[in-house]
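J.: Here you go, start.tsv (TSV, N, CA, C and O atoms):
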```tsv
chain	number	residue	atom	x	y	z
A	264	MET	N	12.38	12.53	-15.38
A	264	MET	CA	11.87	11.69	-14.32
A	264	MET	C	11.27	10.42	-14.94
A	264	MET	O	10.63	10.47	-15.98
A	265	TYR	N	11.51	9.30	-14.27
A	265	TYR	CA	11.02	8.01	-14.73
A	265	TYR	C	10.22	7.36	-13.61
A	265	TYR	O	10.69	7.29	-12.47
A	266	LEU	N	9.02	6.90	-13.93
A	266	LEU	CA	8.19	6.19	-12.97
A	266	LEU	C	8.26	4.71	-13.33
A	266	LEU	O	7.79	4.30	-14.40
A	267	LEU	N	8.89	3.93	-12.47
A	267	LEU	CA	9.12	2.52	-12.76
A	267	LEU	C	7.87	1.69	-12.47
A	267	LEU	O	7.18	1.91	-11.47
A	268	ASP	N	7.61	0.72	-13.34
A	268	ASP	CA	6.50	-0.19	-13.05
A	268	ASP	C	7.04	-1.45	-12.36
A	268	ASP	O	8.25	-1.65	-12.25
A	269	THR	N	6.15	-2.28	-11.90
A	269	THR	CA	6.52	-3.46	-11.12
A	269	THR	C	7.42	-4.40	-11.90
A	269	THR	O	8.42	-4.90	-11.37
A	270	ASN	N	7.12	-4.64	-13.16
A	270	ASN	CA	7.92	-5.57	-13.95
A	270	ASN	C	9.36	-5.09	-14.12
A	270	ASN	O	10.30	-5.88	-14.07
A	271	ILE	N	9.55	-3.79	-14.32
A	271	ILE	CA	10.90	-3.24	-14.45
A	271	ILE	C	11.64	-3.38	-13.13
A	271	ILE	O	12.82	-3.76	-13.10
A	272	CYS	N	10.96	-3.10	-12.02
A	272	CYS	CA	11.60	-3.24	-10.71
A	272	CYS	C	12.04	-4.69	-10.47
A	272	CYS	O	13.15	-4.93	-9.99
A	273	ILE	N	11.19	-5.63	-10.80
A	273	ILE	CA	11.53	-7.04	-10.62
A	273	ILE	C	12.72	-7.42	-11.49
A	273	ILE	O	13.63	-8.13	-11.05
A	274	ALA	N	12.75	-6.93	-12.73
A	274	ALA	CA	13.88	-7.21	-13.62
A	274	ALA	C	15.18	-6.65	-13.04
A	274	ALA	O	16.23	-7.30	-13.10
A	275	ILE	N	15.11	-5.47	-12.44
A	275	ILE	CA	16.29	-4.87	-11.83
A	275	ILE	C	16.73	-5.70	-10.63
A	275	ILE	O	17.90	-6.04	-10.48
A	276	ILE	N	15.80	-6.03	-9.77
A	276	ILE	CA	16.10	-6.79	-8.57
A	276	ILE	C	16.69	-8.16	-8.92
A	276	ILE	O	17.61	-8.63	-8.26
A	277	LYS	N	16.17	-8.78	-9.96
A	277	LYS	CA	16.66	-10.10	-10.38
A	277	LYS	C	17.95	-10.04	-11.19
A	277	LYS	O	18.54	-11.05	-11.50
A	278	GLY	N	18.38	-8.83	-11.54
A	278	GLY	CA	19.67	-8.68	-12.20
A	278	GLY	C	19.67	-8.79	-13.71
A	278	GLY	O	20.72	-9.09	-14.30
A	279	ASN	N	18.54	-8.51	-14.37
A	279	ASN	CA	18.50	-8.50	-15.83
A	279	ASN	C	19.51	-7.47	-16.33
A	279	ASN	O	19.36	-6.27	-16.10
A	280	GLU	N	20.57	-7.94	-16.99
A	280	GLU	CA	21.69	-7.07	-17.36
A	280	GLU	C	21.29	-5.86	-18.19
A	280	GLU	O	21.77	-4.75	-17.96
A	281	ASN	N	20.43	-6.05	-19.17
A	281	ASN	CA	20.01	-4.95	-20.04
A	281	ASN	C	19.25	-3.88	-19.24
A	281	ASN	O	19.52	-2.69	-19.35
A	282	VAL	N	18.31	-4.33	-18.42
A	282	VAL	CA	17.51	-3.40	-17.63
A	282	VAL	C	18.37	-2.72	-16.56
A	282	VAL	O	18.28	-1.50	-16.36
A	283	VAL	N	19.23	-3.48	-15.90
A	283	VAL	CA	20.10	-2.92	-14.87
A	283	VAL	C	21.03	-1.86	-15.46
A	283	VAL	O	21.25	-0.80	-14.86
A	284	SER	N	21.52	-2.11	-16.66
A	284	SER	CA	22.41	-1.15	-17.32
A	284	SER	C	21.71	0.19	-17.53
A	284	SER	O	22.27	1.24	-17.22
A	285	HIS	N	20.49	0.15	-18.03
A	285	HIS	CA	19.73	1.39	-18.22
A	285	HIS	C	19.39	2.05	-16.88
A	285	HIS	O	19.46	3.27	-16.74
A	286	PHE	N	19.04	1.23	-15.90
A	286	PHE	CA	18.68	1.76	-14.59
A	286	PHE	C	19.85	2.51	-13.95
A	286	PHE	O	19.68	3.60	-13.42
A	287	HIS	N	21.04	1.93	-14.00
A	287	HIS	CA	22.19	2.57	-13.35
A	287	HIS	C	22.54	3.92	-13.99
A	287	HIS	O	23.08	4.79	-13.32
A	288	LYS	N	22.18	4.10	-15.24
A	288	LYS	CA	22.44	5.38	-15.90
A	288	LYS	C	21.47	6.46	-15.43
A	288	LYS	O	21.78	7.65	-15.48
A	289	LYS	N	20.29	6.06	-14.98
A	289	LYS	CA	19.24	7.04	-14.68
A	289	LYS	C	18.61	6.88	-13.30
A	289	LYS	O	17.58	7.49	-13.02
A	290	HIS	N	19.19	6.06	-12.44
A	290	HIS	CA	18.53	5.73	-11.17
A	290	HIS	C	18.21	6.94	-10.30
A	290	HIS	O	17.25	6.91	-9.54
A	291	GLU	N	18.95	8.02	-10.42
A	291	GLU	CA	18.67	9.20	-9.60
A	291	GLU	C	17.41	9.93	-10.04
A	291	GLU	O	16.92	10.80	-9.32
A	292	SER	N	16.88	9.56	-11.20
A	292	SER	CA	15.66	10.17	-11.72
A	292	SER	C	14.49	9.19	-11.73
A	292	SER	O	13.49	9.43	-12.37
A	293	CYS	N	14.64	8.06	-11.03
A	293	CYS	CA	13.61	7.02	-11.03
A	293	CYS	C	12.81	7.03	-9.74
A	293	CYS	O	13.36	7.23	-8.66
A	294	TYR	N	11.52	6.80	-9.87
A	294	TYR	CA	10.62	6.81	-8.72
A	294	TYR	C	9.67	5.62	-8.80
A	294	TYR	O	9.49	5.04	-9.86
A	295	LEU	N	9.06	5.30	-7.65
A	295	LEU	CA	8.08	4.22	-7.57
A	295	LEU	C	6.73	4.79	-7.16
A	295	LEU	O	6.65	5.63	-6.27
A	296	ALA	N	5.68	4.31	-7.78
A	296	ALA	CA	4.33	4.64	-7.34
A	296	ALA	C	4.02	3.82	-6.09
A	296	ALA	O	4.59	2.74	-5.88
A	297	THR	N	3.11	4.31	-5.29
A	297	THR	CA	2.69	3.58	-4.09
A	297	THR	C	2.25	2.17	-4.42
A	297	THR	O	2.62	1.22	-3.73
A	298	LEU	N	1.48	2.03	-5.48
A	298	LEU	CA	0.99	0.71	-5.87
A	298	LEU	C	2.13	-0.24	-6.21
A	298	LEU	O	2.12	-1.41	-5.85
A	299	VAL	N	3.16	0.26	-6.89
A	299	VAL	CA	4.31	-0.58	-7.25
A	299	VAL	C	5.03	-1.04	-5.99
A	299	VAL	O	5.36	-2.22	-5.85
A	300	LEU	N	5.25	-0.13	-5.05
A	300	LEU	CA	5.89	-0.51	-3.80
A	300	LEU	C	5.08	-1.57	-3.06
A	300	LEU	O	5.62	-2.56	-2.56
A	301	ALA	N	3.77	-1.39	-3.04
A	301	ALA	CA	2.89	-2.37	-2.40
A	301	ALA	C	2.97	-3.72	-3.10
A	301	ALA	O	3.04	-4.78	-2.44
A	302	GLU	N	3.00	-3.73	-4.42
A	302	GLU	CA	3.11	-4.98	-5.16
A	302	GLU	C	4.44	-5.68	-4.90
A	302	GLU	O	4.50	-6.90	-4.79
A	303	LEU	N	5.50	-4.90	-4.77
A	303	LEU	CA	6.81	-5.49	-4.48
A	303	LEU	C	6.83	-6.11	-3.08
A	303	LEU	O	7.34	-7.22	-2.90
A	304	TYR	N	6.24	-5.42	-2.10
A	304	TYR	CA	6.13	-6.01	-0.76
A	304	TYR	C	5.27	-7.28	-0.79
A	304	TYR	O	5.61	-8.26	-0.14
A	305	LYS	N	4.20	-7.24	-1.52
A	305	LYS	CA	3.33	-8.42	-1.63
A	305	LYS	C	4.12	-9.60	-2.18
A	305	LYS	O	4.02	-10.72	-1.67
A	306	GLY	N	4.92	-9.36	-3.22
A	306	GLY	CA	5.74	-10.41	-3.79
A	306	GLY	C	6.75	-10.96	-2.80
A	306	GLY	O	6.97	-12.18	-2.73
A	307	VAL	N	7.33	-10.08	-2.01
A	307	VAL	CA	8.30	-10.51	-0.99
A	307	VAL	C	7.64	-11.45	0.00
A	307	VAL	O	8.15	-12.53	0.29
A	308	TYR	N	6.46	-11.06	0.51
A	308	TYR	CA	5.82	-11.84	1.56
A	308	TYR	C	5.03	-13.04	1.06
A	308	TYR	O	4.62	-13.88	1.86
A	309	CYS	N	4.89	-13.17	-0.24
A	309	CYS	CA	4.27	-14.38	-0.81
A	309	CYS	C	5.34	-15.36	-1.28
A	309	CYS	O	5.01	-16.43	-1.77
A	310	SER	N	6.59	-14.98	-1.14
A	310	SER	CA	7.68	-15.84	-1.60
A	310	SER	C	8.11	-16.81	-0.49
A	310	SER	O	7.74	-16.64	0.67
A	311	SER	N	8.90	-17.79	-0.87
A	311	SER	CA	9.40	-18.74	0.12
A	311	SER	C	10.70	-18.26	0.77
A	311	SER	O	11.18	-18.88	1.71
A	312	LYS	N	11.27	-17.16	0.27
A	312	LYS	CA	12.53	-16.63	0.80
A	312	LYS	C	12.34	-15.17	1.19
A	312	LYS	O	12.94	-14.27	0.62
A	313	VAL	N	11.51	-14.96	2.19
A	313	VAL	CA	11.10	-13.61	2.59
A	313	VAL	C	12.29	-12.74	2.97
A	313	VAL	O	12.43	-11.62	2.48
A	314	GLU	N	13.15	-13.22	3.85
A	314	GLU	CA	14.27	-12.40	4.33
A	314	GLU	C	15.19	-11.99	3.18
A	314	GLU	O	15.57	-10.83	3.08
A	315	ARG	N	15.53	-12.92	2.32
A	315	ARG	CA	16.41	-12.61	1.19
A	315	ARG	C	15.75	-11.61	0.26
A	315	ARG	O	16.37	-10.63	-0.17
A	316	ASN	N	14.48	-11.83	-0.05
A	316	ASN	CA	13.79	-10.94	-0.97
A	316	ASN	C	13.55	-9.56	-0.38
A	316	ASN	O	13.60	-8.56	-1.09
A	317	LEU	N	13.31	-9.49	0.92
A	317	LEU	CA	13.17	-8.20	1.58
A	317	LEU	C	14.49	-7.44	1.52
A	317	LEU	O	14.51	-6.24	1.23
A	318	ASP	N	15.58	-8.14	1.75
A	318	ASP	CA	16.90	-7.51	1.66
A	318	ASP	C	17.15	-7.00	0.23
A	318	ASP	O	17.63	-5.88	0.05
A	319	ASN	N	16.80	-7.80	-0.77
A	319	ASN	CA	16.97	-7.38	-2.17
A	319	ASN	C	16.12	-6.15	-2.49
A	319	ASN	O	16.58	-5.23	-3.17
A	320	LEU	N	14.88	-6.13	-2.00
A	320	LEU	CA	14.00	-4.99	-2.23
A	320	LEU	C	14.57	-3.73	-1.57
A	320	LEU	O	14.60	-2.66	-2.18
A	321	GLN	N	15.05	-3.86	-0.36
A	321	GLN	CA	15.60	-2.69	0.33
A	321	GLN	C	16.89	-2.20	-0.33
A	321	GLN	O	17.12	-1.00	-0.41
A	322	ARG	N	17.70	-3.13	-0.83
A	322	ARG	CA	18.92	-2.73	-1.54
A	322	ARG	C	18.57	-1.97	-2.82
A	322	ARG	O	19.16	-0.95	-3.14
A	323	PHE	N	17.58	-2.48	-3.56
A	323	PHE	CA	17.12	-1.81	-4.77
A	323	PHE	C	16.59	-0.42	-4.43
A	323	PHE	O	16.95	0.58	-5.05
A	324	ALA	N	15.73	-0.34	-3.43
A	324	ALA	CA	15.11	0.93	-3.06
A	324	ALA	C	16.14	1.95	-2.58
A	324	ALA	O	15.95	3.15	-2.76
A	325	SER	N	17.25	1.49	-2.03
A	325	SER	CA	18.28	2.41	-1.55
A	325	SER	C	18.95	3.16	-2.71
A	325	SER	O	19.59	4.19	-2.49
A	326	LEU	N	18.80	2.67	-3.92
A	326	LEU	CA	19.37	3.33	-5.10
A	326	LEU	C	18.49	4.44	-5.63
A	326	LEU	O	18.92	5.24	-6.46
A	327	LEU	N	17.25	4.50	-5.16
A	327	LEU	CA	16.30	5.50	-5.63
A	327	LEU	C	16.43	6.78	-4.82
A	327	LEU	O	16.96	6.77	-3.71
A	328	PRO	N	15.94	7.90	-5.33
A	328	PRO	CA	15.98	9.15	-4.56
A	328	PRO	C	15.32	8.96	-3.20
A	328	PRO	O	14.37	8.19	-3.05
A	329	LYS	N	15.80	9.68	-2.22
A	329	LYS	CA	15.36	9.49	-0.83
A	329	LYS	C	14.12	10.29	-0.46
A	329	LYS	O	13.85	10.50	0.70
A	330	ASN	N	13.35	10.71	-1.41
A	330	ASN	CA	12.19	11.53	-1.07
A	330	ASN	C	10.87	10.78	-1.21
A	330	ASN	O	9.89	11.30	-1.66
A	331	VAL	N	10.86	9.50	-0.80
A	331	VAL	CA	9.61	8.74	-0.77
A	331	VAL	C	8.79	9.24	0.41
A	331	VAL	O	9.24	9.16	1.55
A	332	PRO	N	7.63	9.81	0.16
A	332	PRO	CA	6.85	10.36	1.27
A	332	PRO	C	6.36	9.27	2.22
A	332	PRO	O	6.09	8.16	1.79
A	333	PRO	N	6.26	9.58	3.52
A	333	PRO	CA	5.78	8.59	4.49
A	333	PRO	C	4.42	8.01	4.11
A	333	PRO	O	4.15	6.86	4.38
A	334	LEU	N	3.58	8.80	3.47
A	334	LEU	CA	2.27	8.30	3.05
A	334	LEU	C	2.43	7.12	2.10
A	334	LEU	O	1.72	6.13	2.20
A	335	THR	N	3.39	7.19	1.20
A	335	THR	CA	3.64	6.09	0.26
A	335	THR	C	4.00	4.83	1.02
A	335	THR	O	3.49	3.75	0.74
A	336	LEU	N	4.87	4.95	2.01
A	336	LEU	CA	5.25	3.79	2.80
A	336	LEU	C	4.05	3.26	3.58
A	336	LEU	O	3.83	2.07	3.66
A	337	GLY	N	3.28	4.16	4.17
A	337	GLY	CA	2.14	3.75	4.96
A	337	GLY	C	1.09	3.02	4.15
A	337	GLY	O	0.49	2.05	4.62
A	338	LEU	N	0.86	3.45	2.93
A	338	LEU	CA	-0.15	2.80	2.10
A	338	LEU	C	0.27	1.41	1.65
A	338	LEU	O	-0.57	0.59	1.30
A	339	SER	N	1.57	1.13	1.66
A	339	SER	CA	2.02	-0.19	1.26
A	339	SER	C	2.04	-1.17	2.43
A	339	SER	O	2.21	-2.36	2.25
A	340	MET	N	1.83	-0.69	3.64
A	340	MET	CA	1.93	-1.53	4.83
A	340	MET	C	0.90	-2.66	4.92
A	340	MET	O	1.18	-3.67	5.53
A	341	PRO	N	-0.29	-2.56	4.32
A	341	PRO	CA	-1.21	-3.70	4.42
A	341	PRO	C	-0.63	-4.98	3.85
A	341	PRO	O	-1.10	-6.07	4.14
A	342	TYR	N	0.43	-4.88	3.06
A	342	TYR	CA	1.03	-6.07	2.47
A	342	TYR	C	2.05	-6.71	3.39
A	342	TYR	O	2.60	-7.75	3.08
A	343	LEU	N	2.33	-6.10	4.52
A	343	LEU	CA	3.26	-6.69	5.47
A	343	LEU	C	2.52	-7.71	6.32
A	343	LEU	O	1.33	-7.58	6.58
A	344	PRO	N	3.23	-8.71	6.81
A	344	PRO	CA	2.59	-9.69	7.69
A	344	PRO	C	2.06	-9.01	8.95
A	344	PRO	O	2.59	-7.98	9.38
A	345	ASN	N	1.06	-9.60	9.57
A	345	ASN	CA	0.43	-9.00	10.74
A	345	ASN	C	1.40	-8.79	11.90
A	345	ASN	O	1.23	-7.88	12.68
A	346	ASN	N	2.42	-9.61	12.02
A	346	ASN	CA	3.33	-9.49	13.16
A	346	ASN	C	4.55	-8.63	12.84
A	346	ASN	O	5.50	-8.61	13.59
A	347	SER	N	4.53	-7.91	11.74
A	347	SER	CA	5.67	-7.06	11.37
A	347	SER	C	5.42	-5.63	11.80
A	347	SER	O	4.30	-5.15	11.78
A	348	SER	N	6.48	-4.96	12.15
A	348	SER	CA	6.36	-3.55	12.48
A	348	SER	C	6.79	-2.71	11.30
A	348	SER	O	7.64	-3.10	10.53
A	349	ARG	N	6.19	-1.55	11.17
A	349	ARG	CA	6.52	-0.65	10.07
A	349	ARG	C	7.99	-0.28	10.09
A	349	ARG	O	8.65	-0.23	9.08
A	350	GLU	N	8.53	-0.02	11.27
A	350	GLU	CA	9.91	0.44	11.40
A	350	GLU	C	10.90	-0.57	10.82
A	350	GLU	O	11.90	-0.20	10.24
A	351	SER	N	10.64	-1.85	10.99
A	351	SER	CA	11.59	-2.85	10.53
A	351	SER	C	11.56	-3.05	9.02
A	351	SER	O	12.41	-3.71	8.46
A	352	HIS	N	10.58	-2.44	8.33
A	352	HIS	CA	10.44	-2.64	6.90
A	352	HIS	C	10.50	-1.36	6.08
A	352	HIS	O	10.32	-1.40	4.88
A	353	GLU	N	10.74	-0.23	6.74
A	353	GLU	CA	10.81	1.02	5.98
A	353	GLU	C	12.01	0.99	5.06
A	353	GLU	O	13.03	0.41	5.37
A	354	LEU	N	11.87	1.64	3.92
A	354	LEU	CA	12.97	1.73	2.97
A	354	LEU	C	14.09	2.53	3.59
A	354	LEU	O	13.86	3.56	4.20
A	355	LYS	N	15.28	2.05	3.43
A	355	LYS	CA	16.44	2.73	4.02
A	355	LYS	C	17.20	3.49	2.99
A	355	LYS	O	17.23	3.22	1.87
```
Rewrite the structure from the file as structure tokens, please.
T.:
Amino acid sequence: MYLLDTNICIAIIKGNENVVSHFHKKHESCYLATLVLAELYKGVYCSSKVERNLDNLQRFASLLPKNVPPLTLGLSMPYLPNNSSRESHELK
């Protein structure tokens, strides 16, 4: 099992070839801490390209195991804009 930190996730999302290569070999054993997910959402909503970055984050997260507990998602929600609904931003 691998617990990814924020910097590794950003490198994967941005397409760093070396990091992506390692990730694709082990992605089924990779997980995110609640804090990392919250930091990634914070980065998305502080960027100038929110929709694109949200799509990239969701695409990245779709490669991870599907057992992210609802509590993890709920704890990251304070980083969403006030007018956003949880349903529209849950990891798919």
J.: Nearest to Tyr294 in chain A: which of A:Tyr265, A:Glu314, A:Val282, A:Asn319 is it, counting only N, CA, C and O atoms?
T.: A:Tyr265
J.: Between A:Cys293, A:Glu280, A:Leu303, A:Asn270, which residue has the minimum interatomic distance to Gln321 in chain A, considering only C-alpha atoms?
T.: A:Leu303
J.: Take CA of Glu302 in chain A and atom O of Asn316 in chain A and report the distance between them in Å, one decimal.
T.: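 A separation of 11.8 Å between them.
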J.: Quick one: residues within 8 Å of Ile271 in chain A, only N, CA, C and O atoms counted, chain neighbours fewer than 6 positions away excluded, as a tab-separated table (two decimals) with N, CA, C and O atoms, in the coordinates of the input?
T.:
```tsv
chain	number	residue	atom	x	y	z
A	277	LYS	N	16.17	-8.78	-9.96
A	277	LYS	CA	16.66	-10.10	-10.38
A	277	LYS	C	17.95	-10.04	-11.19
A	277	LYS	O	18.54	-11.05	-11.50
A	278	GLY	N	18.38	-8.83	-11.54
A	278	GLY	CA	19.67	-8.68	-12.20
A	278	GLY	C	19.67	-8.79	-13.71
A	278	GLY	O	20.72	-9.09	-14.30
A	279	ASN	N	18.54	-8.51	-14.37
A	279	ASN	CA	18.50	-8.50	-15.83
A	279	ASN	C	19.51	-7.47	-16.33
A	279	ASN	O	19.36	-6.27	-16.10
A	282	VAL	N	18.31	-4.33	-18.42
A	282	VAL	CA	17.51	-3.40	-17.63
A	282	VAL	C	18.37	-2.72	-16.56
A	282	VAL	O	18.28	-1.50	-16.36
A	283	VAL	N	19.23	-3.48	-15.90
A	283	VAL	CA	20.10	-2.92	-14.87
A	283	VAL	C	21.03	-1.86	-15.46
A	283	VAL	O	21.25	-0.80	-14.86
```
J.: How big is the axis-aligned box around all listed atoms of range 285-289 of chain A once 6 Å goes on each side, and where's its centre, in Å to one decimal, as lines of an AutoDock Vina configuration file?
T.:
```
center_x = 20.3
center_y = 3.9
center_z = -15.6
size_x = 17.5
size_y = 19.5
size_z = 17.2
```
J.: Do a neighbour search on Leu295 in chain A at 10 Å with only C-alpha atoms, toss out local chain neighbours closer than 4 positions, and write the hits as a list in words.
T.: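 Listed by chain and then number, they are Tyr265, Leu266, Leu267, Asp268, Thr269, Cys272, Val299, Leu300, Ala301, Ala324, Leu327, Pro328, Val331 and Thr335 of chain A.
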J.: Would you mind writing down, as a ChimeraX atom specification, each residue of range 275-328 of chain A that DSSP on the backbone assigns to alpha helix (DSSP H)?
T.: /A:275-277,280-289,297-308,313-324
J.: Mind pulling up the distance from atom N of Gly306 in chain A to atom O of Ser284 in chain A?
T.: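 Interatomic distance here is 24.7 Å.
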J.: Just range 277-292 of chain A, please, as a PDB file, in the first residue's frame (only N, CA, C and O atoms).
T.:
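The result, written out as decode.pdb:
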```pdb
ATOM      1  N   LYS A 277      -0.040  16.632 -13.414  1.00  0.00           N
ATOM      2  CA  LYS A 277       0.630  17.469 -14.414  1.00  0.00           C
ATOM      3  C   LYS A 277       1.376  16.660 -15.470  1.00  0.00           C
ATOM      4  O   LYS A 277       1.875  17.206 -16.430  1.00  0.00           O
ATOM      5  N   GLY A 278       1.451  15.345 -15.281  1.00  0.00           N
ATOM      6  CA  GLY A 278       2.035  14.493 -16.307  1.00  0.00           C
ATOM      7  C   GLY A 278       3.535  14.284 -16.247  1.00  0.00           C
ATOM      8  O   GLY A 278       4.144  13.952 -17.269  1.00  0.00           O
ATOM      9  N   ASN A 279       4.144  14.428 -15.067  1.00  0.00           N
ATOM     10  CA  ASN A 279       5.575  14.151 -14.923  1.00  0.00           C
ATOM     11  C   ASN A 279       5.821  12.695 -15.316  1.00  0.00           C
ATOM     12  O   ASN A 279       5.344  11.770 -14.659  1.00  0.00           O
ATOM     13  N   GLU A 280       6.535  12.483 -16.415  1.00  0.00           N
ATOM     14  CA  GLU A 280       6.680  11.142 -16.999  1.00  0.00           C
ATOM     15  C   GLU A 280       7.245  10.112 -16.027  1.00  0.00           C
ATOM     16  O   GLU A 280       6.772   8.975 -15.973  1.00  0.00           O
ATOM     17  N   ASN A 281       8.266  10.476 -15.280  1.00  0.00           N
ATOM     18  CA  ASN A 281       8.890   9.543 -14.343  1.00  0.00           C
ATOM     19  C   ASN A 281       7.908   9.124 -13.247  1.00  0.00           C
ATOM     20  O   ASN A 281       7.752   7.945 -12.938  1.00  0.00           O
ATOM     21  N   VAL A 282       7.223  10.100 -12.672  1.00  0.00           N
ATOM     22  CA  VAL A 282       6.274   9.827 -11.595  1.00  0.00           C
ATOM     23  C   VAL A 282       5.068   9.051 -12.131  1.00  0.00           C
ATOM     24  O   VAL A 282       4.616   8.082 -11.514  1.00  0.00           O
ATOM     25  N   VAL A 283       4.564   9.448 -13.289  1.00  0.00           N
ATOM     26  CA  VAL A 283       3.409   8.769 -13.889  1.00  0.00           C
ATOM     27  C   VAL A 283       3.741   7.309 -14.186  1.00  0.00           C
ATOM     28  O   VAL A 283       2.924   6.416 -13.953  1.00  0.00           O
ATOM     29  N   SER A 284       4.950   7.061 -14.653  1.00  0.00           N
ATOM     30  CA  SER A 284       5.375   5.695 -14.959  1.00  0.00           C
ATOM     31  C   SER A 284       5.311   4.808 -13.715  1.00  0.00           C
ATOM     32  O   SER A 284       4.772   3.702 -13.758  1.00  0.00           O
ATOM     33  N   HIS A 285       5.835   5.302 -12.612  1.00  0.00           N
ATOM     34  CA  HIS A 285       5.782   4.541 -11.355  1.00  0.00           C
ATOM     35  C   HIS A 285       4.347   4.386 -10.861  1.00  0.00           C
ATOM     36  O   HIS A 285       3.951   3.329 -10.375  1.00  0.00           O
ATOM     37  N   PHE A 286       3.570   5.456 -10.989  1.00  0.00           N
ATOM     38  CA  PHE A 286       2.182   5.424 -10.527  1.00  0.00           C
ATOM     39  C   PHE A 286       1.373   4.368 -11.273  1.00  0.00           C
ATOM     40  O   PHE A 286       0.629   3.606 -10.665  1.00  0.00           O
ATOM     41  N   HIS A 287       1.512   4.312 -12.587  1.00  0.00           N
ATOM     42  CA  HIS A 287       0.709   3.362 -13.367  1.00  0.00           C
ATOM     43  C   HIS A 287       1.042   1.910 -13.028  1.00  0.00           C
ATOM     44  O   HIS A 287       0.187   1.041 -13.160  1.00  0.00           O
ATOM     45  N   LYS A 288       2.232   1.665 -12.535  1.00  0.00           N
ATOM     46  CA  LYS A 288       2.600   0.305 -12.133  1.00  0.00           C
ATOM     47  C   LYS A 288       1.935  -0.097 -10.820  1.00  0.00           C
ATOM     48  O   LYS A 288       1.733  -1.270 -10.550  1.00  0.00           O
ATOM     49  N   LYS A 289       1.614   0.882  -9.980  1.00  0.00           N
ATOM     50  CA  LYS A 289       1.142   0.574  -8.628  1.00  0.00           C
ATOM     51  C   LYS A 289      -0.154   1.284  -8.242  1.00  0.00           C
ATOM     52  O   LYS A 289      -0.530   1.280  -7.075  1.00  0.00           O
ATOM     53  N   HIS A 290      -0.840   1.899  -9.196  1.00  0.00           N
ATOM     54  CA  HIS A 290      -1.995   2.739  -8.852  1.00  0.00           C
ATOM     55  C   HIS A 290      -3.092   2.008  -8.081  1.00  0.00           C
ATOM     56  O   HIS A 290      -3.798   2.626  -7.299  1.00  0.00           O
ATOM     57  N   GLU A 291      -3.214   0.710  -8.248  1.00  0.00           N
ATOM     58  CA  GLU A 291      -4.260  -0.017  -7.526  1.00  0.00           C
ATOM     59  C   GLU A 291      -3.950  -0.161  -6.041  1.00  0.00           C
ATOM     60  O   GLU A 291      -4.825  -0.547  -5.260  1.00  0.00           O
ATOM     61  N   SER A 292      -2.729   0.167  -5.652  1.00  0.00           N
ATOM     62  CA  SER A 292      -2.320   0.095  -4.248  1.00  0.00           C
ATOM     63  C   SER A 292      -2.070   1.474  -3.656  1.00  0.00           C
ATOM     64  O   SER A 292      -1.463   1.601  -2.605  1.00  0.00           O
TER      65      SER A 292
END
```
